[in-house]
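Participant: A single structure is presented below for examination.
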Amino acid sequence: MRWALVKVSLAVTAMVVVAFAVPLGLVVKEMARDRAFSNAERRAAGLAPVLAITTDREELDKAVATTEDGAAGRLAVHVPAARPGDPGLEIGTRRAGEAELAATRRLGRASIAEVPGGFALLQPTALSSGQVAVVELFVAEGEVSNGVATAWLVLAGVGIALIVGSVAVADRLGVRMVQPAQRLAGAAHDLGEGRLGARVPEEGPPELKSAAVAFNSMADQVVQLLANERELAADLSHRLRTPLTVLRLNAASLGSGPAAEQTRAAVEQLEREVDIIIRTARDAKPQTQATGPGAGCDAAEVVRERMEFWSALAEDEGRLVRVAGVDRPVRIPVARPELVAALDALLGNVFRHTPEGTAFSVDVHNGEDAVIVLVSDAGTGIADPTAALARGNSGSRDGSTGLGLDIVRRMAETTGGDVRLGHSVLGGTEVRIWIGLDGRRTGGATGRRGHRPARRRRGGGGTRRAAES
């Protein structure tokens with residue numbers, strides 16, 4: 001489209017330039033010709049008073065010699081004979097033929113005869129005897145075309161400038177029309193490849209602007225549909241995993257006996273089935289997150305909501321709970337179901353792998369380029385945090401599916417952040433989630449700068465507990 005506009009503009013402007021420049025060039029040529037002959041006629045008329053007074057040869061020779069044209073050999077005077085049979089009087093260099101002179105005397109008006117090297121202006125002048133003398137003035141070819149070449153060059157320059165200017169303007173207009181279409185096509189391609197955050201600026205011509213609005217609306221609907229799908233999967237895991245945690249804790253307090261053992265075995269079997277469901281849901285979840293309009297959530301609101309849920313169980317087990325940093329909205333580029341799943345995985349770990357009565361806390365820190373969520377407990381800690389993080393891709397071991405921290409890690413890495421494990425101020429484990437706010441997608445902890453890992457204290461826990469469910 002851009003080049004089509006340029007070609008159309010080039011053709012139209014060239015036609016306009018030709019339509020105006022060619023006639024104007026011809027007019028300039030005619031004006032130069034008329035100017036040259038008008039000046040020649042004016043100079044030739046300067047001898048008319050002399051011819052009206054006298055036709056004496058000596059006087060005429062002096063009059064011709066005193067003129068600039070006569071001195072240059074461009075002026076001649078032709079006086080007819082006074083009586084038949086007498087020779088006529090000719091002064092100066094003659095260039096016109098006898099026929100042209102006779103025609104000028106007969107017509108009684110100035111005429112132009114083409115001669116070698118230029119033109120001869122023949123100006124008739126009446127004598128006192130009633131006869132007609134002819135003053136001949138030579139006009140060189142250069143005088144007739146004087147200034148024409150320069151004028152034509154100026155016209156050509158103006159025409160070229162108009163063509164170049166019109167092409168430049170058409171190109172800029174084409175860019176304004178093509179760029180929105182290219183952005184729309186690029187966004188559609190990105191959306192087709194799974195980059196759900198692709199959006200199009202709603203600018204440009206009205207038609208393309210309307211198309212951009214429709215595309216953004218469609219992309220928002222796609223993001224919302226996928227978010228609803230993930231929310232259903234997350235809700236299934238929450239509905240099953242949270243009561244299962246309570247059931248497991250209650251089964252552990254049943255004591256010994258066949259019924260108690262059968263109950264614990266059934267709980268373990270049910271837990272394995274739930275783990276399979278969670279693993280399947282995680283594998284089916286799209287790997288590309290949306291960061292455009294329609295994506296993201298309020299981390300403070302999500303933390304408050306999930307802490308209200310877990311606080312009831314914490315009260316039953318006598319756990320001290322502390323929440324900080326949730327008194328004001330904290331926007332993050334993470335879908336609400338994913339943040340809910342990550343928090344439930346970490347809080348479920350606290351209830352599952354620490355004794356009853358163990359305190360825990362959740363802190364939210366809002367920075368300029370990142371949001372940090374800290375989940376800390378007063379348990380026995382983790383002996384090897386590196387191994388615990390590496391278990392995200394392992395199979396079940398020590399009652400762990402290896403999915404809890406993996407879910408948290410994948411959520412953080414989609415924003416350019418990461419997850420670090422260390423010892424908390426409460427004496428147990430601290431899980432630090434770094435969530436980037438600048439929309440970078442690096443796929444790992446190297447994607448952000450200025451983040452120092454949680455420092456490990458000496459004298460943390462001596463026994464290792466599972467870090468994720």
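The way I read the labels, and the way they are meant: chains A, B, ... in the order of the structure tokens, residue 1 as the first residue of every chain, and ligand 1 as the first ligand shown, with later ones counted on from there.
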Would you pick out the contacts of range 328-334 of chain A at 7 Å or less, using only C-alpha atoms, so that residues sharing its chain but fewer than 5 positions from it are not included, and give the list as a list in words?
Facilitator: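 Near neighbours after the sequence-gap exclusion: Thr291, Ala295, Gly296, Cys297, Asp298, Ala299, Ala300, Leu339, Asn366, Thr415 and Leu437 of chain A.
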Participant: I'd like to know which residues of range 69-312 of chain A are strand (DSSP E or B) (by DSSP, run on the backbone); could you write them as JSON, numbers by chain?
Facilitator: {"A": [75, 76, 77, 78, 79, 89, 90, 91, 92, 111, 112, 113, 114, 115, 118, 119, 120, 121, 122, 123, 124, 125, 126, 132, 133, 134, 135, 136, 137, 138, 139, 140, 297, 298]}
Participant: Go through A:Leu249, A:Ala341, A:Val139, A:Val302 and flag the residue nearest Glu356 in chain A, using only C-alpha atoms for the distances.
Facilitator: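 Using only C-alpha atoms, Glu356 in chain A sits closest to A:Leu249.
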Participant: Could you pull the residues within 12 Å of Glu315 in chain A, counting only C-alpha atoms, minus those fewer than 3 positions along the same chain, as a list in words?
Facilitator: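 Returned residues: Met307, Glu308, Phe309, Trp310, Ser311, Ala312, Gly318, Arg319, Leu320, Val321, Phe351, Glu356, Gly357, Thr358, Ala359 and Phe360 of chain A.
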Participant: Within range 289-410 of chain A, find each residue whose DSSP state, derived from the backbone, is alpha helix (DSSP H), and express the selection as a short mmCIF file (atom, residue, chain, number, x, y, z; two decimals) with C-alpha atoms, in the first residue's frame.
Facilitator:
```
data_model
loop_
_atom_site.label_atom_id
_atom_site.label_comp_id
_atom_site.auth_asym_id
_atom_site.auth_seq_id
_atom_site.Cartn_x
_atom_site.Cartn_y
_atom_site.Cartn_z
CA ALA A 299 -1.54 -9.13 45.22
CA ALA A 300 -2.65 -7.50 48.50
CA GLU A 301 -6.27 -8.49 47.92
CA VAL A 302 -5.33 -12.08 47.06
CA VAL A 303 -3.10 -12.39 50.14
CA ARG A 304 -5.86 -11.07 52.41
CA GLU A 305 -8.39 -13.47 50.92
CA ARG A 306 -6.19 -16.56 51.22
CA MET A 307 -5.04 -15.65 54.73
CA GLU A 308 -8.67 -15.43 55.85
CA PHE A 309 -9.12 -18.99 54.57
CA TRP A 310 -5.99 -20.40 56.19
CA SER A 311 -6.40 -18.45 59.44
CA ALA A 312 -9.32 -20.67 60.45
CA LEU A 313 -7.13 -23.78 60.28
CA ALA A 314 -4.25 -21.90 61.94
CA GLU A 315 -6.53 -21.02 64.86
CA ASP A 316 -7.50 -24.67 65.28
CA GLU A 317 -3.83 -25.68 65.47
CA ARG A 336 -5.19 -14.14 40.00
CA PRO A 337 -5.62 -17.95 39.84
CA GLU A 338 -1.86 -18.45 39.53
CA LEU A 339 -1.06 -16.27 42.52
CA VAL A 340 -3.77 -18.07 44.51
CA ALA A 341 -2.30 -21.44 43.55
CA ALA A 342 1.22 -20.33 44.53
CA LEU A 343 0.13 -18.98 47.94
CA ASP A 344 -1.94 -22.07 48.72
CA ALA A 345 1.01 -24.30 47.79
CA LEU A 346 3.35 -22.44 50.18
CA LEU A 347 0.83 -22.13 53.02
CA GLY A 348 -0.15 -25.77 52.59
CA ASN A 349 3.54 -26.66 53.01
CA VAL A 350 3.61 -24.80 56.32
CA PHE A 351 0.65 -26.77 57.70
CA ARG A 352 1.87 -30.04 56.25
CA HIS A 353 5.54 -29.98 57.22
CA PRO A 385 17.46 -25.07 49.84
CA THR A 386 19.16 -25.70 46.48
CA ALA A 387 18.06 -29.32 46.43
CA ALA A 388 14.56 -28.33 47.51
CA LEU A 389 14.26 -25.97 44.54
CA ALA A 390 15.66 -28.58 42.18
CA GLY A 404 4.66 -26.74 45.12
CA LEU A 405 7.83 -24.70 44.64
CA ASP A 406 7.78 -25.49 40.94
CA ILE A 407 4.38 -23.80 40.62
CA VAL A 408 5.70 -20.78 42.53
CA ARG A 409 8.92 -20.67 40.50
CA ARG A 410 7.14 -20.84 37.16
#
```
Participant: Using only C-alpha atoms, what table do you get, as a tab-separated table, when you list each residue of range 117-169 of chain A with an atom no more than 8 Å from range 13-29 of chain A, its nearest pair of atoms, and their distance in Å rounded to one decimal, rows by chain then rising number?
Facilitator:
```
residue	atom	partner	partner_atom	distance
A:Ser145	CA	A:Lys29	CA	6.8
A:Val148	CA	A:Lys29	CA	5.7
A:Ala151	CA	A:Val28	CA	7.3
A:Trp152	CA	A:Gly25	CA	6.0
A:Leu155	CA	A:Ala21	CA	6.4
A:Ala156	CA	A:Ala21	CA	7.6
A:Gly159	CA	A:Val17	CA	5.6
A:Leu162	CA	A:Thr13	CA	7.2
A:Ile163	CA	A:Thr13	CA	5.7
A:Ser166	CA	A:Thr13	CA	6.9
```
Participant: Let's have the selection written as a PDB file, in the first residue's frame, with C-alpha atoms.
Facilitator:
```
ATOM      1  CA  SER A 145      17.267  32.918 -26.716  1.00  0.00           C
ATOM      2  CA  VAL A 148      15.624  30.857 -21.940  1.00  0.00           C
ATOM      3  CA  ALA A 151      14.400  29.778 -17.102  1.00  0.00           C
ATOM      4  CA  TRP A 152      13.985  26.215 -18.319  1.00  0.00           C
ATOM      5  CA  LEU A 155      11.303  25.286 -14.208  1.00  0.00           C
ATOM      6  CA  ALA A 156      12.882  21.831 -14.310  1.00  0.00           C
ATOM      7  CA  GLY A 159       9.191  20.467 -11.213  1.00  0.00           C
ATOM      8  CA  LEU A 162       7.485  19.235  -6.572  1.00  0.00           C
ATOM      9  CA  ILE A 163       7.780  15.590  -7.598  1.00  0.00           C
ATOM     10  CA  SER A 166       4.910  14.902  -3.332  1.00  0.00           C
TER      11      SER A 166
END
```
